[in-house]
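These notes are about the structure you will find just below.
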Amino acid sequence: MGKTWLRDYLIKRLIYSVIIAWGILTITFILVRAGPSSPADKYLANLTASGQDVAAVVSAIEARYGLDKPLWEQYFSYLGNLFRGNWGWSFSTSMPVMELIKTHWVYSFQLILLSSIFAAILGILIGIYSAVKQYTRTDYTLTFLSFVGISLPNFWLGVMLILLFSVKMGIFKTYYDTTLPLFSLENLKALVLPVMTLGTGMVAGYVRYTRSAMLDNLRKGFVTTARAKGLPERTVIGKHVFRNAMLPLITIIMFDLGSIVFGGAYLTEIVFGIPGLGQVSFNAIFANDYPVVVAVTLIGTLLVLLINLVTDITYTYLDPRIRYD
Amino acid sequence: MKYKTTGATTSIHAGGRLASYYWQRTRRNKLAIAGLAFIIFLIFLALFGPFFTMDPTEVNFEEKNLPPIGFSVEKSTYDIETSEFTTTIIPGTWKHPLGTDNKGRDLLAMIISGARISLLVGLIATGMAIILGTIIGVLSAYAGGWVDNALMRFTDIMMTFPFFLLLVLIVFIFGHSLIFIVLAIGLTGWTGTARLIRSESLSLRTREFVTAARAIGARDRRVIFRHLIPNVMSLIIVITTLSIPGVIMAEAALSFIGLGDPTWTSWGIILSAGQHTLDTAWWIAVEPGIMLFLTVLAFNFLGDGLRDAFDPKSNI
Amino acid sequence: MSKTILSAKNLKTHFYTNRGVVKAVNGVNFELSCGECLCLVGESGCGKSVTALSLLRLLDSPPARIVDGKVSYGDIDLVKCPTRQLRQIRGKDIAMIFQEAQSALNPVLSIGNQITEQIKLHEKISRRQARDRALALLEEMGIPSAERVIDAYPHQLSGGMKQRAMIAMSLSCDPQILIADEPTTAVDVTIQAQILEIFRNLRARKQMSFIFITHDLAIVNEIGDRAVVMYGGRDVETAPVSQIINNPRHPYTKGLIACLPDISKTEKRLESIPGNTPNPIELPPGCPFHPRCPKAMEICNRDMPLPITISQGHTVSCHLYT
């Protein structure tokens, strides 16, 4: 049968992703240029306090950032710069934006990774259990709790956890030491509360999606067939039902990652002072440091694009019903 | 022979009887009703509360950091002359039932004021997003061809942006007055709606009851809308109810990180300030969060209940 | 003749729903002898599928429950035996095939996977051997290019091939009894003929017994040895097929036979049985058929008629014969 169709699909999908990426960059550019004040003004506000000659600074900035050039040129040099890795200069930290990102992305990555693993394992297991035990009190309780989980504002949850564990009980510290290695015990302990914060919303979501996907499949014909063959119940649920439920589940979980988790991680970093990209962006906002805020948004978006691409390919590969001949 | 149902059943008279049928089904879901009750309570609070409470912006440093009713706080003062610590216990009073913040502002008033913001932003911004999404969705479905293609690619692009990150960027660039916040949310939150409405419109067009309606001579496209609109309406109602909590959370999160409108008291702002006095005045952080949580929960219960009520396949 | 290998006595399966108790199976009796093909016949809603599923306890236990009765397989009561024992019997001694192969097969697993899974569950043979046996089974079922089919997924096969694959799967462990739940209902007549052909071959070669569920009397006539006519969750008449067709005793059976259109006659109207099948939540008291029965008597409204043997191998549940 051959798998050439998969390769063709991959190529098509890649081209499509490039188009979307272009669209993302363009929209970002439009937003920045459509803003009421140019980056020059914002930098100016910081500088006039230091008493430099305003006019000279303005023209220097405009020359440097090419703000005096026509829009077309600005657009193409913008795109060109991005490709070459020149994502601008951060006023507030006096380093290239790329450098800033390189030093801080690991912390975001660590937080999101740990939270995702924690949430996925817990969420899927609870979701399967809840679906299998439908109509029992356990199911109703778990469903109710999952509603609670997705309704808890995650930044408030973080603050509450700090209140409870750090302030009142003094168990976990509330700061993160960047001098220690990433996965050292100290830092992992400091990550317990943030992972719980970010993870709770995710777990609740995963429980709901898994439960729903499992329920969709639990009453299907092939389940009766599997039982009629004499298979033990755990194989019926674990192999037959779950494999069918898993496919749409992957898509939903990945999509969720993009739309909700990044926002959640942003807030969690701020509440707990984790020096990831969210914190970086937050600091930049108050320093009016334009390029950094734009850069963090772009990274998040392009990452989502990548995740969507990978998920799509994976799903197409895994689902035997999809074949493009 | 197994009785196979087709989609050829036309809807019951749209309007009164249908609405009451759906309402009956919703009523059976106790959580949804509880949610609805809370929302109504909140609306009342927002509309009439300010008449009965103090001015939320009235600053009074004498009365700062007072606990809510039923709680009390210890305050130690060191008297230099006698070199002694005197500890006084300050209880909460009915004057400030929810306590005060670090500038002496009455928290009950602030919370009620925050309710106004949340509901205002929630309803208006959601309304904008839903309307925009519906227009794009329906347009895309009926125009077809390159219009559909272009609109959907655009939707794909906008959907790739993580919602909150995009919001932060827009509010950062354009400024954080309430109007911009509402606009920002409304202009970025339409993507999911557009997708859903488009796919529903596409599927409705080919459903058998439309064919059946045409077969009995339905001339006007308006008659067909008598069949299509009720089906899309239910979807719109569910999407709206389920979008509101996300919008309210987004506004609160923006306020929390300082990108809210400082001239209004939002729950997010109160929470943010409360972070710094967790050890001395924990209620400042707890109360707005509880309200936020309950509001979001209420809309989620209601939305879920409505969704089950409108789904003909779920047996309630 | 031969001995009884499976028997059901007073089997009752009820569904507990929030609209009431559905008495889908309300006292069914039958005996299956070695090597015979027993047909369960009846209209939709008479409880034949639920009966079949109850034999192996395949119904979801809320809302269904087997409230009474005994299903004897050897000296094991299938209704009460422990689940572990039941699982050893399922698929190995007693196998089942279903009406629609598309929904009965798992869409994300290959045909081969689903067949070998069953083989390896019940027997200790290697993966290679299991696969070879699966291949042989598929070829036996008349599937061309079995090598391709074994690695294919259900949606890639035609309706007839799916049905055959399902039958092959059920035979993979050489079961003693095969329960077929309306295997010909959802397919067109050509495939129907093919499937009946497969069954005839199976009967000729293997010493298997069949429980064949259908609503189609023509099929009963083609393939059955004996038939159990069901109505309203009960067995109303049990007899060799020739007796059912030529000498029906129960008013319902008589009505069914009369309904069959006869090309040789030139009547203008088709016969039918007046009235509707009973609502299983609100069954009429006494005999379930009496509201529609042309011969109904007073007692029919009060007492449930019990099966009475009126001749060799022929029982009727009707007050006319009490």
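Chain labels A, B, ... are given in the sequence in which chains occur in the structure tokens; within each chain residues are numbered consecutively from 1, and ligands are likewise numbered from 1 in the order shown.
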
(request) Taking the chain letters and numbering used in this document, name the residues of region 209-311 of chain C that DSSP puts in strand (DSSP E), as a VMD selection string. (result) chain C and resid 209 to 214 226 to 231 234 to 240 308 to 311

Just-selected residues, C-alpha atoms written as an mmCIF file, in the first residue's frame:
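Done, and the output landed in out22.cif:
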data_model
loop_
_atom_site.group_PDB
_atom_site.id
_atom_site.type_symbol
_atom_site.label_atom_id
_atom_site.label_comp_id
_atom_site.auth_asym_id
_atom_site.auth_seq_id
_atom_site.Cartn_x
_atom_site.Cartn_y
_atom_site.Cartn_z
ATOM 1 C CA SER C 209 -24.794 -26.073 17.112
ATOM 2 C CA PHE C 210 -26.333 -22.788 16.172
ATOM 3 C CA ILE C 211 -28.740 -20.348 17.676
ATOM 4 C CA PHE C 212 -29.888 -18.248 14.748
ATOM 5 C CA ILE C 213 -31.899 -15.127 15.463
ATOM 6 C CA THR C 214 -34.011 -13.620 12.723
ATOM 7 C CA ARG C 226 -36.262 -26.122 15.030
ATOM 8 C CA ALA C 227 -37.743 -22.725 15.745
ATOM 9 C CA VAL C 228 -38.767 -20.796 18.824
ATOM 10 C CA VAL C 229 -41.399 -18.180 18.019
ATOM 11 C CA MET C 230 -41.172 -15.262 20.401
ATOM 12 C CA TYR C 231 -43.637 -12.564 21.274
ATOM 13 C CA ARG C 234 -41.873 -14.945 25.846
ATOM 14 C CA ASP C 235 -41.627 -18.065 23.763
ATOM 15 C CA VAL C 236 -45.084 -18.777 22.412
ATOM 16 C CA GLU C 237 -44.417 -21.797 20.264
ATOM 17 C CA THR C 238 -41.475 -24.148 19.802
ATOM 18 C CA ALA C 239 -41.419 -26.827 17.133
ATOM 19 C CA PRO C 240 -39.481 -28.333 14.240
ATOM 20 C CA ILE C 308 -47.440 -27.312 27.022
ATOM 21 C CA THR C 309 -46.170 -30.160 24.917
ATOM 22 C CA ILE C 310 -48.747 -31.106 22.359
ATOM 23 C CA SER C 311 -46.681 -33.541 20.343
#

(request) Please provide the set of residues having any atom within 12 Å of Gly114 (chain B), restricted to only C-alpha atoms, with same-chain residues fewer than 5 positions apart removed, written as an MDAnalysis selection string. (result) chainID B and resid 42:43 45:47 49:50 56:57 107:109 119:122 248 251:252 255 260:271 287:289 291:292 295

(request) Kindly provide, as an MDAnalysis selection string, the residues of chain C having any atom no farther than 6 Å from an atom of chain A, counting only C-alpha atoms. (result) chainID C and resid 87 90:91 103:106

Export of prior selection with C-alpha atoms as a CSV table (one decimal), in the first residue's frame:
chain,number,residue,atom,x,y,z
C,87,ARG,CA,-15.0,-15.4,30.2
C,90,ARG,CA,-17.1,-16.7,25.8
C,91,GLY,CA,-15.4,-16.9,22.5
C,103,SER,CA,-20.1,-1.6,14.2
C,104,ALA,CA,-19.1,-5.0,15.6
C,105,LEU,CA,-15.6,-4.7,14.5
C,106,ASN,CA,-13.1,-2.3,16.1

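Proximity to chain B was assessed for A:Met160, A:Met196, A:Leu249, A:Val97 counting only C-alpha atoms; the smallest distance is recorded for A:Met160.
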
(request) Considering only C-alpha atoms, extract the chain B residues located within 7 Å of chain A and return them as a PyMOL selection string. (result) chain B and resi 157+160-166+169+172-174+249+275+278-279+289+293+296-297

Hey, can you spit out that residue selection with N, CA and C atoms as an mmCIF file, in the first residue's frame?
data_model
loop_
_atom_site.group_PDB
_atom_site.id
_atom_site.type_symbol
_atom_site.label_atom_id
_atom_site.label_comp_id
_atom_site.auth_asym_id
_atom_site.auth_seq_id
_atom_site.Cartn_x
_atom_site.Cartn_y
_atom_site.Cartn_z
ATOM 1 N N ILE B 157 -5.224 31.587 11.220
ATOM 2 C CA ILE B 157 -4.109 32.407 11.688
ATOM 3 C C ILE B 157 -4.430 33.000 13.053
ATOM 4 N N THR B 160 -4.302 30.593 15.951
ATOM 5 C CA THR B 160 -3.006 30.085 16.392
ATOM 6 C C THR B 160 -2.449 30.935 17.534
ATOM 7 N N PHE B 161 -2.784 32.212 17.549
ATOM 8 C CA PHE B 161 -2.323 33.047 18.652
ATOM 9 C C PHE B 161 -2.922 32.551 19.962
ATOM 10 N N PRO B 162 -2.086 32.313 20.976
ATOM 11 C CA PRO B 162 -2.662 31.982 22.276
ATOM 12 C C PRO B 162 -3.483 33.175 22.749
ATOM 13 N N PHE B 163 -4.708 32.935 23.105
ATOM 14 C CA PHE B 163 -5.651 34.000 23.385
ATOM 15 C C PHE B 163 -5.100 35.054 24.337
ATOM 16 N N PHE B 164 -4.583 34.618 25.464
ATOM 17 C CA PHE B 164 -4.156 35.580 26.467
ATOM 18 C C PHE B 164 -2.935 36.360 25.999
ATOM 19 N N LEU B 165 -2.018 35.696 25.351
ATOM 20 C CA LEU B 165 -0.814 36.405 24.884
ATOM 21 C C LEU B 165 -1.183 37.502 23.893
ATOM 22 N N LEU B 166 -2.114 37.167 22.999
ATOM 23 C CA LEU B 166 -2.539 38.162 22.012
ATOM 24 C C LEU B 166 -3.215 39.339 22.706
ATOM 25 N N LEU B 169 -0.688 41.562 24.289
ATOM 26 C CA LEU B 169 0.003 42.362 23.288
ATOM 27 C C LEU B 169 -0.849 43.549 22.841
ATOM 28 N N PHE B 172 -1.319 46.094 25.546
ATOM 29 C CA PHE B 172 -0.035 46.771 25.766
ATOM 30 C C PHE B 172 0.179 47.846 24.705
ATOM 31 N N ILE B 173 -0.126 47.485 23.456
ATOM 32 C CA ILE B 173 0.113 48.428 22.376
ATOM 33 C C ILE B 173 -0.888 49.568 22.387
ATOM 34 N N PHE B 174 -2.159 49.211 22.538
ATOM 35 C CA PHE B 174 -3.189 50.219 22.341
ATOM 36 C C PHE B 174 -3.629 50.909 23.616
ATOM 37 N N MET B 249 -12.729 35.860 33.020
ATOM 38 C CA MET B 249 -11.406 35.468 33.516
ATOM 39 C C MET B 249 -10.308 36.266 32.832
ATOM 40 N N GLN B 275 -2.133 40.354 47.052
ATOM 41 C CA GLN B 275 -0.961 39.485 47.063
ATOM 42 C C GLN B 275 0.096 39.931 48.057
ATOM 43 N N LEU B 278 -0.589 39.134 52.151
ATOM 44 C CA LEU B 278 -1.141 37.824 52.467
ATOM 45 C C LEU B 278 -0.996 37.472 53.948
ATOM 46 N N ASP B 279 0.064 37.947 54.559
ATOM 47 C CA ASP B 279 0.251 37.549 55.960
ATOM 48 C C ASP B 279 -0.568 38.413 56.914
ATOM 49 N N GLY B 289 -11.343 36.586 44.639
ATOM 50 C CA GLY B 289 -11.127 35.305 43.979
ATOM 51 C C GLY B 289 -12.329 34.396 44.107
ATOM 52 N N PHE B 293 -14.394 32.983 41.035
ATOM 53 C CA PHE B 293 -14.568 31.543 40.906
ATOM 54 C C PHE B 293 -16.048 31.185 40.807
ATOM 55 N N VAL B 296 -17.644 32.308 37.434
ATOM 56 C CA VAL B 296 -17.239 31.445 36.325
ATOM 57 C C VAL B 296 -17.915 30.083 36.443
ATOM 58 N N LEU B 297 -17.930 29.552 37.653
ATOM 59 C CA LEU B 297 -18.559 28.253 37.886
ATOM 60 C C LEU B 297 -20.033 28.288 37.492
#

(message) List as a PyMOL selection string the protein and nucleic acid residues near region 273-285 of chain C, meaning an atom at most 12 Å away when only C-alpha atoms are counted, but skip any in the same chain fewer than 3 places from it.
(response) chain C and resi 13-26+42-47+230-234+251-260+270+288-294+298-305

Could the residues in this selection be written to a file with N, CA and C atoms, as a compact mmCIF listing (two decimals), in the first residue's frame?
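Saved the output as selection.txt:
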# COMPACT_ATOMS: atom_id res chain seq x y z
N THR C 13 -35.06 -10.99 31.63
CA THR C 13 -34.11 -9.87 31.66
C THR C 13 -34.89 -8.58 31.61
N HIS C 14 -34.69 -7.74 32.62
CA HIS C 14 -35.40 -6.47 32.65
C HIS C 14 -34.41 -5.32 32.59
N PHE C 15 -34.87 -4.21 32.00
CA PHE C 15 -34.07 -2.99 31.95
C PHE C 15 -34.68 -1.96 32.88
N TYR C 16 -33.86 -1.42 33.75
CA TYR C 16 -34.36 -0.44 34.71
C TYR C 16 -34.02 0.95 34.22
N THR C 17 -35.01 1.65 33.66
CA THR C 17 -34.76 2.99 33.14
C THR C 17 -35.56 3.99 33.94
N ASN C 18 -35.26 5.29 33.71
CA ASN C 18 -36.02 6.29 34.48
C ASN C 18 -37.41 6.52 33.91
N ARG C 19 -37.77 5.71 32.86
CA ARG C 19 -39.16 5.79 32.42
C ARG C 19 -39.94 4.56 32.85
N GLY C 20 -39.27 3.69 33.55
CA GLY C 20 -39.99 2.49 33.99
C GLY C 20 -39.14 1.26 33.75
N VAL C 21 -39.71 0.09 34.09
CA VAL C 21 -38.99 -1.16 33.93
C VAL C 21 -39.38 -1.78 32.60
N VAL C 22 -38.38 -1.98 31.74
CA VAL C 22 -38.65 -2.59 30.44
C VAL C 22 -38.46 -4.09 30.58
N LYS C 23 -39.57 -4.81 30.43
CA LYS C 23 -39.48 -6.27 30.57
C LYS C 23 -39.22 -6.86 29.20
N ALA C 24 -37.98 -6.76 28.79
CA ALA C 24 -37.66 -7.16 27.43
C ALA C 24 -37.79 -8.67 27.25
N VAL C 25 -37.29 -9.42 28.22
CA VAL C 25 -37.39 -10.88 28.17
C VAL C 25 -38.13 -11.29 29.44
N ASN C 26 -39.24 -11.97 29.25
CA ASN C 26 -40.12 -12.16 30.39
C ASN C 26 -40.52 -13.62 30.61
N GLY C 42 -39.15 -13.75 15.52
CA GLY C 42 -40.14 -12.84 16.05
C GLY C 42 -39.99 -11.47 15.44
N GLU C 43 -40.96 -10.63 15.68
CA GLU C 43 -40.89 -9.25 15.19
C GLU C 43 -39.87 -8.46 15.99
N SER C 44 -39.58 -7.22 15.55
CA SER C 44 -38.67 -6.42 16.37
C SER C 44 -39.34 -6.09 17.68
N GLY C 45 -38.55 -6.11 18.71
CA GLY C 45 -39.09 -5.78 20.02
C GLY C 45 -39.60 -6.97 20.79
N CYS C 46 -39.52 -8.18 20.19
CA CYS C 46 -40.06 -9.33 20.91
C CYS C 46 -39.06 -9.86 21.93
N GLY C 47 -37.83 -9.39 21.88
CA GLY C 47 -36.86 -9.79 22.91
C GLY C 47 -35.85 -10.81 22.46
N MET C 230 -41.11 -16.11 19.21
CA MET C 230 -41.17 -15.26 20.40
C MET C 230 -42.12 -14.10 20.21
N TYR C 231 -42.77 -13.73 21.30
CA TYR C 231 -43.64 -12.56 21.27
C TYR C 231 -43.68 -11.95 22.66
N GLY C 232 -43.54 -10.62 22.71
CA GLY C 232 -43.67 -9.94 24.00
C GLY C 232 -42.75 -10.48 25.08
N GLY C 233 -41.54 -10.92 24.68
CA GLY C 233 -40.59 -11.38 25.68
C GLY C 233 -40.79 -12.82 26.12
N ARG C 234 -41.66 -13.55 25.46
CA ARG C 234 -41.87 -14.95 25.85
C ARG C 234 -41.82 -15.84 24.61
N PRO C 251 -52.03 -18.89 17.93
CA PRO C 251 -52.67 -17.90 17.05
C PRO C 251 -51.66 -16.91 16.46
N TYR C 252 -50.65 -16.57 17.20
CA TYR C 252 -49.66 -15.62 16.66
C TYR C 252 -48.89 -16.27 15.52
N THR C 253 -48.42 -17.49 15.74
CA THR C 253 -47.69 -18.18 14.68
C THR C 253 -48.55 -18.32 13.44
N LYS C 254 -49.82 -18.66 13.68
CA LYS C 254 -50.72 -18.78 12.54
C LYS C 254 -50.80 -17.46 11.80
N GLY C 255 -50.89 -16.37 12.57
CA GLY C 255 -50.96 -15.06 11.94
C GLY C 255 -49.71 -14.77 11.13
N LEU C 256 -48.53 -15.13 11.68
CA LEU C 256 -47.26 -14.87 10.99
C LEU C 256 -47.20 -15.61 9.67
N ILE C 257 -47.58 -16.89 9.72
CA ILE C 257 -47.54 -17.69 8.49
C ILE C 257 -48.50 -17.12 7.47
N ALA C 258 -49.67 -16.72 7.95
CA ALA C 258 -50.66 -16.17 7.02
C ALA C 258 -50.20 -14.89 6.39
N CYS C 259 -49.32 -14.16 7.08
CA CYS C 259 -48.84 -12.88 6.55
C CYS C 259 -47.96 -13.07 5.34
N LEU C 260 -47.33 -14.24 5.22
CA LEU C 260 -46.40 -14.43 4.11
C LEU C 260 -47.16 -14.39 2.79
N LEU C 270 -53.00 -7.86 1.32
CA LEU C 270 -52.07 -8.66 2.12
C LEU C 270 -52.66 -8.82 3.51
N PRO C 288 -49.24 -12.07 26.62
CA PRO C 288 -48.90 -10.80 25.98
C PRO C 288 -49.60 -10.59 24.63
N PHE C 289 -50.09 -11.70 24.03
CA PHE C 289 -50.68 -11.57 22.71
C PHE C 289 -52.18 -11.34 22.74
N HIS C 290 -52.81 -11.52 23.92
CA HIS C 290 -54.27 -11.58 23.92
C HIS C 290 -54.97 -10.34 23.37
N PRO C 291 -54.40 -9.11 23.49
CA PRO C 291 -55.14 -7.97 22.92
C PRO C 291 -55.32 -8.07 21.41
N ARG C 292 -54.46 -8.83 20.74
CA ARG C 292 -54.54 -8.91 19.28
C ARG C 292 -55.08 -10.26 18.80
N CYS C 293 -55.37 -11.13 19.77
CA CYS C 293 -55.64 -12.51 19.40
C CYS C 293 -57.09 -12.70 18.99
N PRO C 294 -57.32 -13.29 17.84
CA PRO C 294 -58.70 -13.52 17.42
C PRO C 294 -59.42 -14.56 18.28
N GLU C 298 -61.43 -15.18 28.33
CA GLU C 298 -61.35 -14.48 29.61
C GLU C 298 -60.05 -14.77 30.34
N ILE C 299 -59.70 -16.06 30.34
CA ILE C 299 -58.54 -16.46 31.12
C ILE C 299 -57.26 -15.85 30.59
N CYS C 300 -57.26 -15.53 29.28
CA CYS C 300 -56.05 -14.99 28.66
C CYS C 300 -55.67 -13.65 29.27
N ASN C 301 -56.68 -12.95 29.80
CA ASN C 301 -56.42 -11.64 30.38
C ASN C 301 -55.86 -11.74 31.79
N ARG C 302 -56.00 -12.95 32.38
CA ARG C 302 -55.62 -13.09 33.79
C ARG C 302 -54.32 -13.85 33.96
N ASP C 303 -54.28 -15.05 33.39
CA ASP C 303 -53.16 -15.94 33.66
C ASP C 303 -52.21 -16.03 32.49
N MET C 304 -50.94 -16.11 32.83
CA MET C 304 -49.90 -16.29 31.83
C MET C 304 -49.91 -17.76 31.40
N PRO C 305 -50.06 -18.04 30.11
CA PRO C 305 -50.07 -19.45 29.69
C PRO C 305 -48.66 -20.05 29.76

(request) Check the DSSP output for the backbone and give back, as a VMD selection string, the residues of region 52-221 of chain B in alpha helix (DSSP H). (result) chain B and resid 52 107 to 143 145 to 160 163 to 174 178 to 188 191 to 205 208 to 215 221

(request) Tell me which protein, DNA and RNA residues are within 9 Å of region 36-39 of chain B, counting only C-alpha atoms, leaving out same-chain ones fewer than 4 positions away, and put them as number ranges by chain. (result) B: 31-32, 43-44, 294-295, 298-299, 301-302

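Compared by their closest atoms to chain B, and using only C-alpha atoms, the residues C:Arg128, C:Lys265, C:His215, C:Arg203 rank with C:His215 nearest.
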
(message) I want to know what sits within 12 Å of Asn65 (chain B), based on only C-alpha atoms, with residues of the same chain fewer than 4 positions away left out; could you give that as a ChimeraX atom specification?
(response) /B:59-61,72-75,90-92,96,98-107,273-274,277-285

Keeping only N, CA and C atoms, write the selected residues as a JSON list (two decimals), in the first residue's frame.
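result.json, freshly written:
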[["chain", "number", "residue", "atom", "x", "y", "z"],
["B", 59, "VAL", "N", -11.12, 56.57, 50.54],
["B", 59, "VAL", "CA", -9.93, 56.12, 51.24],
["B", 59, "VAL", "C", -9.96, 56.59, 52.68],
["B", 60, "ASN", "N", -9.57, 55.72, 53.57],
["B", 60, "ASN", "CA", -9.62, 56.09, 54.99],
["B", 60, "ASN", "C", -8.52, 55.33, 55.73],
["B", 61, "PHE", "N", -7.39, 55.94, 55.85],
["B", 61, "PHE", "CA", -6.25, 55.20, 56.39],
["B", 61, "PHE", "C", -6.40, 54.80, 57.84],
["B", 72, "SER", "N", -11.03, 38.13, 63.29],
["B", 72, "SER", "CA", -10.34, 39.23, 63.96],
["B", 72, "SER", "C", -8.85, 39.11, 63.73],
["B", 73, "VAL", "N", -8.20, 40.20, 63.94],
["B", 73, "VAL", "CA", -6.77, 40.29, 63.63],
["B", 73, "VAL", "C", -6.04, 40.84, 64.85],
["B", 74, "GLU", "N", -4.86, 40.33, 65.03],
["B", 74, "GLU", "CA", -4.06, 40.86, 66.14],
["B", 74, "GLU", "C", -3.18, 41.97, 65.65],
["B", 75, "LYS", "N", -3.09, 42.99, 66.45],
["B", 75, "LYS", "CA", -2.20, 44.07, 66.04],
["B", 75, "LYS", "C", -1.31, 44.41, 67.23],
["B", 90, "ILE", "N", -8.40, 43.25, 66.98],
["B", 90, "ILE", "CA", -9.36, 44.08, 66.25],
["B", 90, "ILE", "C", -10.33, 43.17, 65.52],
["B", 91, "PRO", "N", -11.57, 43.18, 65.88],
["B", 91, "PRO", "CA", -12.54, 42.31, 65.20],
["B", 91, "PRO", "C", -13.14, 43.00, 63.98],
["B", 92, "GLY", "N", -13.78, 42.21, 63.15],
["B", 92, "GLY", "CA", -14.48, 42.77, 62.01],
["B", 92, "GLY", "C", -15.78, 43.38, 62.48],
["B", 96, "HIS", "N", -17.91, 47.36, 57.89],
["B", 96, "HIS", "CA", -17.19, 46.85, 56.72],
["B", 96, "HIS", "C", -17.31, 45.33, 56.74],
["B", 98, "LEU", "N", -17.04, 43.00, 54.74],
["B", 98, "LEU", "CA", -16.01, 42.17, 54.11],
["B", 98, "LEU", "C", -14.61, 42.69, 54.41],
["B", 99, "GLY", "N", -14.52, 43.63, 55.31],
["B", 99, "GLY", "CA", -13.22, 44.15, 55.67],
["B", 99, "GLY", "C", -12.82, 45.33, 54.79],
["B", 100, "THR", "N", -11.60, 45.77, 54.99],
["B", 100, "THR", "CA", -11.09, 46.87, 54.17],
["B", 100, "THR", "C", -9.74, 46.50, 53.59],
["B", 101, "ASP", "N", -9.34, 47.26, 52.60],
["B", 101, "ASP", "CA", -8.05, 46.97, 51.99],
["B", 101, "ASP", "C", -6.97, 47.85, 52.63],
["B", 102, "ASN", "N", -5.80, 47.85, 52.03],
["B", 102, "ASN", "CA", -4.69, 48.54, 52.69],
["B", 102, "ASN", "C", -4.81, 50.05, 52.65],
["B", 103, "LYS", "N", -5.82, 50.55, 51.97],
["B", 103, "LYS", "CA", -6.04, 52.00, 52.03],
["B", 103, "LYS", "C", -7.35, 52.32, 52.73],
["B", 104, "GLY", "N", -7.93, 51.35, 53.38],
["B", 104, "GLY", "CA", -9.15, 51.60, 54.12],
["B", 104, "GLY", "C", -10.42, 51.58, 53.29],
["B", 105, "ARG", "N", -10.34, 51.18, 52.06],
["B", 105, "ARG", "CA", -11.54, 51.15, 51.24],
["B", 105, "ARG", "C", -12.38, 49.93, 51.59],
["B", 106, "ASP", "N", -13.68, 50.14, 51.59],
["B", 106, "ASP", "CA", -14.58, 49.06, 51.97],
["B", 106, "ASP", "C", -14.59, 47.97, 50.90],
["B", 107, "LEU", "N", -14.30, 46.75, 51.32],
["B", 107, "LEU", "CA", -14.18, 45.68, 50.34],
["B", 107, "LEU", "C", -15.51, 45.26, 49.75],
["B", 273, "ALA", "N", -3.54, 43.49, 44.44],
["B", 273, "ALA", "CA", -3.08, 44.22, 45.61],
["B", 273, "ALA", "C", -3.00, 43.29, 46.82],
["B", 274, "GLY", "N", -3.95, 42.39, 46.90],
["B", 274, "GLY", "CA", -4.01, 41.49, 48.05],
["B", 274, "GLY", "C", -2.82, 40.57, 48.17],
["B", 277, "THR", "N", -0.23, 41.54, 50.90],
["B", 277, "THR", "CA", -0.53, 41.54, 52.33],
["B", 277, "THR", "C", -1.10, 40.21, 52.76],
["B", 278, "LEU", "N", -0.59, 39.13, 52.15],
["B", 278, "LEU", "CA", -1.14, 37.82, 52.47],
["B", 278, "LEU", "C", -1.00, 37.47, 53.95],
["B", 279, "ASP", "N", 0.06, 37.95, 54.56],
["B", 279, "ASP", "CA", 0.25, 37.55, 55.96],
["B", 279, "ASP", "C", -0.57, 38.41, 56.91],
["B", 280, "THR", "N", -0.80, 39.67, 56.54],
["B", 280, "THR", "CA", -1.52, 40.51, 57.48],
["B", 280, "THR", "C", -3.00, 40.66, 57.14],
["B", 281, "ALA", "N", -3.32, 40.63, 55.86],
["B", 281, "ALA", "CA", -4.73, 40.85, 55.48],
["B", 281, "ALA", "C", -5.10, 39.92, 54.34],
["B", 282, "TRP", "N", -5.19, 38.65, 54.66],
["B", 282, "TRP", "CA", -5.39, 37.64, 53.64],
["B", 282, "TRP", "C", -6.72, 37.77, 52.91],
["B", 283, "TRP", "N", -7.72, 38.37, 53.57],
["B", 283, "TRP", "CA", -9.05, 38.42, 52.96],
["B", 283, "TRP", "C", -9.09, 39.26, 51.70],
["B", 284, "ILE", "N", -8.14, 40.18, 51.58],
["B", 284, "ILE", "CA", -8.15, 41.03, 50.39],
["B", 284, "ILE", "C", -7.93, 40.20, 49.14],
["B", 285, "ALA", "N", -7.12, 39.16, 49.28],
["B", 285, "ALA", "CA", -6.87, 38.30, 48.13],
["B", 285, "ALA", "C", -7.93, 37.22, 47.98]]

(message) Quick one: residues within 9 Å of Leu137 (chain C), only C-alpha atoms, excluding same-chain residues fewer than 3 positions away - as a list of chain:residue names?
(response) C:Asp132, C:Arg133, C:Ala134, C:Glu140, C:Met141, C:Gly142, C:Ala165, C:Ala168, C:Met169, C:Leu171, C:Ser172
